[in-house]
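Structure data follow from my_file-v9.pdb (PDB, C-alpha atoms):
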ATOM      1  CA  MET H 119      24.248 -26.919  68.866  1.00  0.00           C
ATOM      2  CA  ARG H 120      23.634 -23.457  67.492  1.00  0.00           C
ATOM      3  CA  ARG H 121      25.976 -24.100  64.582  1.00  0.00           C
ATOM      4  CA  ALA H 122      24.114 -27.257  63.669  1.00  0.00           C
ATOM      5  CA  ALA H 123      20.775 -25.425  63.739  1.00  0.00           C
ATOM      6  CA  ALA H 124      22.227 -22.553  61.707  1.00  0.00           C
ATOM      7  CA  GLY H 125      23.681 -25.033  59.204  1.00  0.00           C
ATOM      8  CA  LYS H 126      20.329 -26.809  58.849  1.00  0.00           C
ATOM      9  CA  SER H 127      18.584 -23.471  58.342  1.00  0.00           C
ATOM     10  CA  LEU H 128      21.095 -22.485  55.678  1.00  0.00           C
ATOM     11  CA  VAL H 129      20.665 -25.796  53.837  1.00  0.00           C
ATOM     12  CA  LEU H 130      16.877 -25.449  54.023  1.00  0.00           C
ATOM     13  CA  ALA H 131      17.021 -21.867  52.725  1.00  0.00           C
ATOM     14  CA  ALA H 132      19.272 -22.926  49.840  1.00  0.00           C
ATOM     15  CA  ALA H 133      16.945 -25.803  48.941  1.00  0.00           C
ATOM     16  CA  CYS H 134      13.921 -23.486  48.970  1.00  0.00           C
ATOM     17  CA  SER H 135      15.783 -20.968  46.796  1.00  0.00           C
ATOM     18  CA  LEU H 136      16.630 -23.622  44.244  1.00  0.00           C
ATOM     19  CA  PHE H 137      13.018 -24.772  44.194  1.00  0.00           C
ATOM     20  CA  MET H 138      11.771 -21.206  43.643  1.00  0.00           C
ATOM     21  CA  ILE H 139      14.315 -20.540  40.878  1.00  0.00           C
ATOM     22  CA  SER H 140      13.330 -23.767  39.171  1.00  0.00           C
ATOM     23  CA  ASP H 141       9.662 -22.848  39.483  1.00  0.00           C
ATOM     24  CA  ALA H 142      10.332 -19.356  38.076  1.00  0.00           C
ATOM     25  CA  ASN H 143      12.148 -20.833  35.066  1.00  0.00           C
ATOM     26  CA  ALA H 144       9.274 -23.234  34.452  1.00  0.00           C
ATOM     27  CA  GLN H 145       6.843 -20.333  34.654  1.00  0.00           C
ATOM     28  CA  ASN H 146       8.938 -18.362  32.135  1.00  0.00           C
ATOM     29  CA  CYS H 147       8.617 -21.266  29.722  1.00  0.00           C
ATOM     30  CA  LYS H 148       4.964 -21.924  30.438  1.00  0.00           C
ATOM     31  CA  GLY H 149       3.637 -18.358  30.289  1.00  0.00           C
ATOM     32  CA  PHE H 150       6.037 -16.890  27.772  1.00  0.00           C
ATOM     33  CA  LEU H 151       3.545 -16.324  24.945  1.00  0.00           C
ATOM     34  CA  GLN H 152       1.082 -14.539  27.216  1.00  0.00           C
ATOM     35  CA  SER H 153       3.775 -12.361  28.783  1.00  0.00           C
ATOM     36  CA  ALA H 154       5.165 -11.496  25.344  1.00  0.00           C
ATOM     37  CA  ARG H 155       1.684 -10.521  24.153  1.00  0.00           C
ATOM     38  CA  LEU H 156       1.315  -8.203  27.129  1.00  0.00           C
ATOM     39  CA  ALA H 157       4.790  -6.748  26.717  1.00  0.00           C
ATOM     40  CA  ILE H 158       4.732  -5.966  22.987  1.00  0.00           C
ATOM     41  CA  GLY H 159       1.067  -5.885  22.033  1.00  0.00           C
ATOM     42  CA  GLY H 160       1.007  -2.092  21.869  1.00  0.00           C
ATOM     43  CA  GLU H 161       4.109  -1.962  19.705  1.00  0.00           C
ATOM     44  CA  VAL H 162       2.771  -4.575  17.284  1.00  0.00           C
ATOM     45  CA  ALA H 163      -0.437  -2.535  17.037  1.00  0.00           C
ATOM     46  CA  ALA H 164       1.711   0.548  16.329  1.00  0.00           C
ATOM     47  CA  LEU H 165       3.471  -1.313  13.483  1.00  0.00           C
ATOM     48  CA  ARG H 166       0.082  -2.182  12.031  1.00  0.00           C
ATOM     49  CA  ARG H 167      -1.053   1.464  12.247  1.00  0.00           C
ATOM     50  CA  VAL H 168       2.036   2.647  10.402  1.00  0.00           C
ATOM     51  CA  GLU H 169       1.600  -0.072   7.780  1.00  0.00           C
ATOM     52  CA  HIS H 170      -2.009   1.065   7.337  1.00  0.00           C
ATOM     53  CA  GLU H 171      -0.828   4.670   6.955  1.00  0.00           C
ATOM     54  CA  ALA H 172       1.788   3.596   4.393  1.00  0.00           C
ATOM     55  CA  SER H 173      -0.903   1.708   2.521  1.00  0.00           C
ATOM     56  CA  ASP H 174      -3.056   4.853   2.569  1.00  0.00           C
ATOM     57  CA  ARG H 175      -0.044   6.849   1.348  1.00  0.00           C
ATOM     58  CA  LEU H 176       0.201   4.543  -1.673  1.00  0.00           C
ATOM     59  CA  LYS H 177      -3.443   5.328  -2.438  1.00  0.00           C
ATOM     60  CA  GLY H 178      -2.916   9.074  -1.995  1.00  0.00           C
ATOM     61  CA  LEU H 179      -4.893   9.213   1.263  1.00  0.00           C
ATOM     62  CA  ASP H 180      -1.992  10.052   3.603  1.00  0.00           C
ATOM     63  CA  SER H 181       0.529  12.820   3.124  1.00  0.00           C
ATOM     64  CA  ARG H 182       3.229  11.750   5.569  1.00  0.00           C
ATOM     65  CA  PRO H 183       6.477  10.967   3.745  1.00  0.00           C
ATOM     66  CA  PHE H 184       7.716   7.382   3.659  1.00  0.00           C
ATOM     67  CA  GLU H 185      10.877   8.520   5.482  1.00  0.00           C
ATOM     68  CA  VAL H 186       8.809   9.464   8.544  1.00  0.00           C
ATOM     69  CA  LEU H 187       6.836   6.219   8.432  1.00  0.00           C
ATOM     70  CA  ARG H 188      10.036   4.178   8.006  1.00  0.00           C
ATOM     71  CA  ASP H 189      11.675   5.881  10.980  1.00  0.00           C
ATOM     72  CA  GLU H 190       8.628   5.174  13.162  1.00  0.00           C
ATOM     73  CA  VAL H 191       8.753   1.509  12.171  1.00  0.00           C
ATOM     74  CA  ARG H 192      12.466   1.273  12.969  1.00  0.00           C
ATOM     75  CA  LYS H 193      11.952   2.746  16.429  1.00  0.00           C
ATOM     76  CA  THR H 194       9.038   0.437  17.137  1.00  0.00           C
ATOM     77  CA  ALA H 195      10.851  -2.666  15.863  1.00  0.00           C
ATOM     78  CA  ALA H 196      13.792  -1.778  18.120  1.00  0.00           C
ATOM     79  CA  ILE H 197      11.445  -1.641  21.117  1.00  0.00           C
ATOM     80  CA  ILE H 198       9.930  -5.022  20.211  1.00  0.00           C
ATOM     81  CA  GLY H 199      13.257  -6.768  19.815  1.00  0.00           C
ATOM     82  CA  PRO H 200      16.163  -5.235  21.708  1.00  0.00           C
ATOM     83  CA  PRO H 201      19.252  -7.469  21.406  1.00  0.00           C
ATOM     84  CA  GLY H 202      19.388  -8.328  25.111  1.00  0.00           C
ATOM     85  CA  ILE H 203      15.764  -9.446  25.212  1.00  0.00           C
ATOM     86  CA  LEU H 204      16.167 -11.429  21.981  1.00  0.00           C
ATOM     87  CA  LYS H 205      19.138 -13.218  23.546  1.00  0.00           C
ATOM     88  CA  LEU H 206      17.041 -14.136  26.594  1.00  0.00           C
ATOM     89  CA  GLU H 207      14.258 -15.297  24.299  1.00  0.00           C
ATOM     90  CA  GLU H 208      16.772 -17.477  22.451  1.00  0.00           C
ATOM     91  CA  GLU H 209      17.656 -19.167  25.749  1.00  0.00           C
ATOM     92  CA  LEU H 210      14.054 -20.369  26.074  1.00  0.00           C
ATOM     93  CA  LYS H 211      14.977 -23.185  23.690  1.00  0.00           C
ATOM     94  CA  ARG H 212      15.846 -25.065  26.874  1.00  0.00           C
ATOM     95  CA  CYS H 213      12.159 -25.286  27.729  1.00  0.00           C
ATOM     96  CA  ARG H 214      10.688 -28.759  27.690  1.00  0.00           C
ATOM     97  CA  ASN H 215       7.937 -27.648  25.316  1.00  0.00           C
ATOM     98  CA  TRP H 216       9.049 -25.594  22.342  1.00  0.00           C
ATOM     99  CA  THR H 217       8.659 -21.870  22.997  1.00  0.00           C
ATOM    100  CA  VAL H 218       7.933 -19.641  19.998  1.00  0.00           C
ATOM    101  CA  PRO H 219      10.338 -16.670  19.710  1.00  0.00           C
ATOM    102  CA  VAL H 220       7.520 -14.113  19.512  1.00  0.00           C
ATOM    103  CA  ARG H 221       9.646 -11.010  19.893  1.00  0.00           C
ATOM    104  CA  LYS H 222      12.096 -12.132  17.212  1.00  0.00           C
ATOM    105  CA  ILE H 223       9.328 -12.989  14.753  1.00  0.00           C
ATOM    106  CA  CYS H 224       7.586  -9.655  15.289  1.00  0.00           C
ATOM    107  CA  ALA H 225      10.821  -7.642  15.309  1.00  0.00           C
ATOM    108  CA  ASP H 226      11.856  -9.314  12.038  1.00  0.00           C
ATOM    109  CA  ALA H 227       8.477  -8.461  10.493  1.00  0.00           C
ATOM    110  CA  GLY H 228       8.948  -4.863  11.648  1.00  0.00           C
ATOM    111  CA  GLN H 229      12.422  -4.754  10.140  1.00  0.00           C
ATOM    112  CA  MET H 230      11.044  -6.109   6.864  1.00  0.00           C
ATOM    113  CA  LEU H 231       8.436  -3.335   6.864  1.00  0.00           C
ATOM    114  CA  ALA H 232      11.156  -0.746   7.504  1.00  0.00           C
ATOM    115  CA  ASP H 233      13.174  -2.146   4.585  1.00  0.00           C
ATOM    116  CA  ILE H 234      10.104  -1.993   2.324  1.00  0.00           C
ATOM    117  CA  LEU H 235       9.402   1.608   3.316  1.00  0.00           C
ATOM    118  CA  ASP H 236      13.061   2.408   2.688  1.00  0.00           C
ATOM    119  CA  LYS H 237      12.567   1.092  -0.848  1.00  0.00           C
ATOM    120  CA  TYR H 238       9.549   3.386  -1.248  1.00  0.00           C
ATOM    121  CA  VAL H 239      11.760   6.304  -0.190  1.00  0.00           C
ATOM    122  CA  ALA H 240      14.171   5.443  -3.008  1.00  0.00           C
ATOM    123  CA  ALA H 241      11.644   4.641  -5.768  1.00  0.00           C
ATOM    124  CA  PRO H 242       7.906   5.181  -6.271  1.00  0.00           C
ATOM    125  CA  LYS H 243       7.251   1.564  -7.335  1.00  0.00           C
ATOM    126  CA  PRO H 244       9.897  -0.595  -5.671  1.00  0.00           C
ATOM    127  CA  ASP H 245      10.336  -4.287  -6.236  1.00  0.00           C
ATOM    128  CA  TYR H 246       9.954  -6.460  -3.133  1.00  0.00           C
ATOM    129  CA  ASP H 247       8.362  -9.772  -2.302  1.00  0.00           C
ATOM    130  CA  LYS H 248       4.938  -8.872  -0.945  1.00  0.00           C
ATOM    131  CA  ALA H 249       4.113 -12.496  -0.151  1.00  0.00           C
ATOM    132  CA  VAL H 250       7.196 -12.941   2.033  1.00  0.00           C
ATOM    133  CA  TYR H 251       6.408  -9.814   4.022  1.00  0.00           C
ATOM    134  CA  ALA H 252       2.715 -10.713   4.240  1.00  0.00           C
ATOM    135  CA  ALA H 253       3.592 -14.148   5.636  1.00  0.00           C
ATOM    136  CA  ALA H 254       5.995 -12.685   8.227  1.00  0.00           C
ATOM    137  CA  ALA H 255       3.496 -10.053   9.371  1.00  0.00           C
ATOM    138  CA  LYS H 256       0.675 -12.605   9.443  1.00  0.00           C
ATOM    139  CA  GLU H 257       2.726 -14.941  11.659  1.00  0.00           C
ATOM    140  CA  CYS H 258       3.416 -12.120  14.109  1.00  0.00           C
ATOM    141  CA  GLU H 259      -0.269 -11.203  14.145  1.00  0.00           C
ATOM    142  CA  ARG H 260      -1.246 -14.835  14.676  1.00  0.00           C
ATOM    143  CA  LEU H 261       1.068 -15.113  17.664  1.00  0.00           C
ATOM    144  CA  MET H 262      -0.312 -11.854  19.028  1.00  0.00           C
ATOM    145  CA  ASP H 263      -3.883 -13.113  18.469  1.00  0.00           C
ATOM    146  CA  MET H 264      -4.667 -10.311  16.009  1.00  0.00           C
ATOM    147  CA  LYS H 265      -6.647 -10.460  12.795  1.00  0.00           C
ATOM    148  CA  PRO H 266      -4.328 -10.058   9.767  1.00  0.00           C
ATOM    149  CA  LEU H 267      -4.267  -6.560   8.323  1.00  0.00           C
ATOM    150  CA  ALA H 268      -5.281  -6.042   4.712  1.00  0.00           C
ATOM    151  CA  SER H 269      -2.901  -3.551   3.112  1.00  0.00           C
ATOM    152  CA  ALA H 270      -1.461  -2.484  -0.208  1.00  0.00           C
ATOM    153  CA  ILE H 271       2.025  -3.066   1.247  1.00  0.00           C
ATOM    154  CA  ARG H 272       1.183  -6.768   1.590  1.00  0.00           C
ATOM    155  CA  GLY H 273      -0.717  -6.889  -1.676  1.00  0.00           C
ATOM    156  CA  THR H 274      -3.866  -7.987   0.143  1.00  0.00           C
ATOM    157  CA  GLU H 275      -5.898  -4.854  -0.429  1.00  0.00           C
TER     158      GLU H 275
END

This entry written out as structure tokens:
Amino acid sequence: MRRAAAGKSLVLAAACSLFMISDANAQNCKGFLQSARLAIGGEVAALRRVEHEASDRLKGLDSRPFEVLRDEVRKTAAIIGPPGILKLEEELKRCRNWTVPVRKICADAGQMLADILDKYVAAPKPDYDKAVYAAAAKECERLMDMKPLASAIRGTE
């Protein structure tokens, strides 16, 4: 009798666990954008600050070297999109409703900014596609519910 009761309890516990895991996965899909905004909002704002400083540097208003700005961007982009987190974000494709890969989009925009600043380290007037970077940064800002930044780096200032 005790074994039967213990067996029923075990089956019930397993069923409840499966239900909770399923509910947690659904919540990950449902609330992903909001949780991503909370997790990386500060870092995206930091990227924007550095971009603003780089834009000021182009106008002669900031004296920090592009190397320093580039290195800050690289560190911040690495925080936004560490490989393990990006892999988990990639797995959200299984969600019933399409889930936007926020971290990847913002990390890619950060990497593009780092590459642009690297070009400024090498040459005073580098050639790069401002529109492509502006579109990538704008998409990240849109997902983060931020107003697009006007900057000389993007060619919008």

Practice item. For the structure provided, state which residues fall under the PyMOL selection byres ((chain H and resi 270) around 9), and present them as a list in words. Key: Glu169, His170, Ala172, Ser173, Asp174, Leu176, Lys177, Ala268, Ser269, Ile271, Arg272, Gly273, Thr274 and Glu275 of chain H

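If you look at atom CA of Ala196 of chain H and atom CA of Ala232 of chain H, they are 11.0 Å away from each other.
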
Residues proximal to (12.0, -21.8, 28.2) were defined as those with any atom within 6 Å of that point in the file's coordinates, counting only C-alpha atoms. Which are they, as a PDB file with C-alpha atoms, in the coordinates of the input?
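After the write, selection_2.pdb holds the following:
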ATOM      1  CA  CYS H 147       8.617 -21.266  29.722  1.00  0.00           C
ATOM      2  CA  LEU H 210      14.054 -20.369  26.074  1.00  0.00           C
ATOM      3  CA  LYS H 211      14.977 -23.185  23.690  1.00  0.00           C
ATOM      4  CA  ARG H 212      15.846 -25.065  26.874  1.00  0.00           C
ATOM      5  CA  CYS H 213      12.159 -25.286  27.729  1.00  0.00           C
TER       6      CYS H 213
END

Review point. Written as a VMD selection string, which residues does the PyMOL selection byres ((chain H and resi 154) around 12) give for the file shown?
Key: chain H and resid 146 to 153 155 to 162 198 to 199 203 to 204 207 217 to 224 258 261 to 263

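In terms of minimum interatomic distance to Ala255 of chain H, H:Gly228 ranks closest within H:Lys243, H:Lys237, H:Gly228, H:Arg214, counting all atoms listed in the file.
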
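Minimum atom-to-atom distances from H:Ile234, H:Ala254, H:Val168, H:Leu267 to Leu187 of chain H were compared using all atoms listed in the file, and the lowest value belongs to H:Val168.
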
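Between atom CA of Asp247 of chain H and atom CA of Ile197 of chain H there is a distance of 25.0 Å.
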
Revision key, fill the gap. For Ala252 of chain H, the closest of H:Gly178, H:Pro266, H:Pro183, H:Pro200 counting all atoms listed in the file is H:Pro266

Practice item. Quote the spacing between atom CA of Leu235 of chain H and atom CA of Ala164 of chain H in Å to one decimal place. Key: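 It comes out at 15.2 Å.
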
Work out where the centre of an axis-aligned box around every listed atom of segment 242-257 of chain H lies and how long its edges are once 6 Å is added on each side; give both in Å to one decimal as JSON.
{"center_x": 5.5, "center_y": -4.9, "center_z": 2.2, "size_x": 21.7, "size_y": 32.1, "size_z": 31.0}
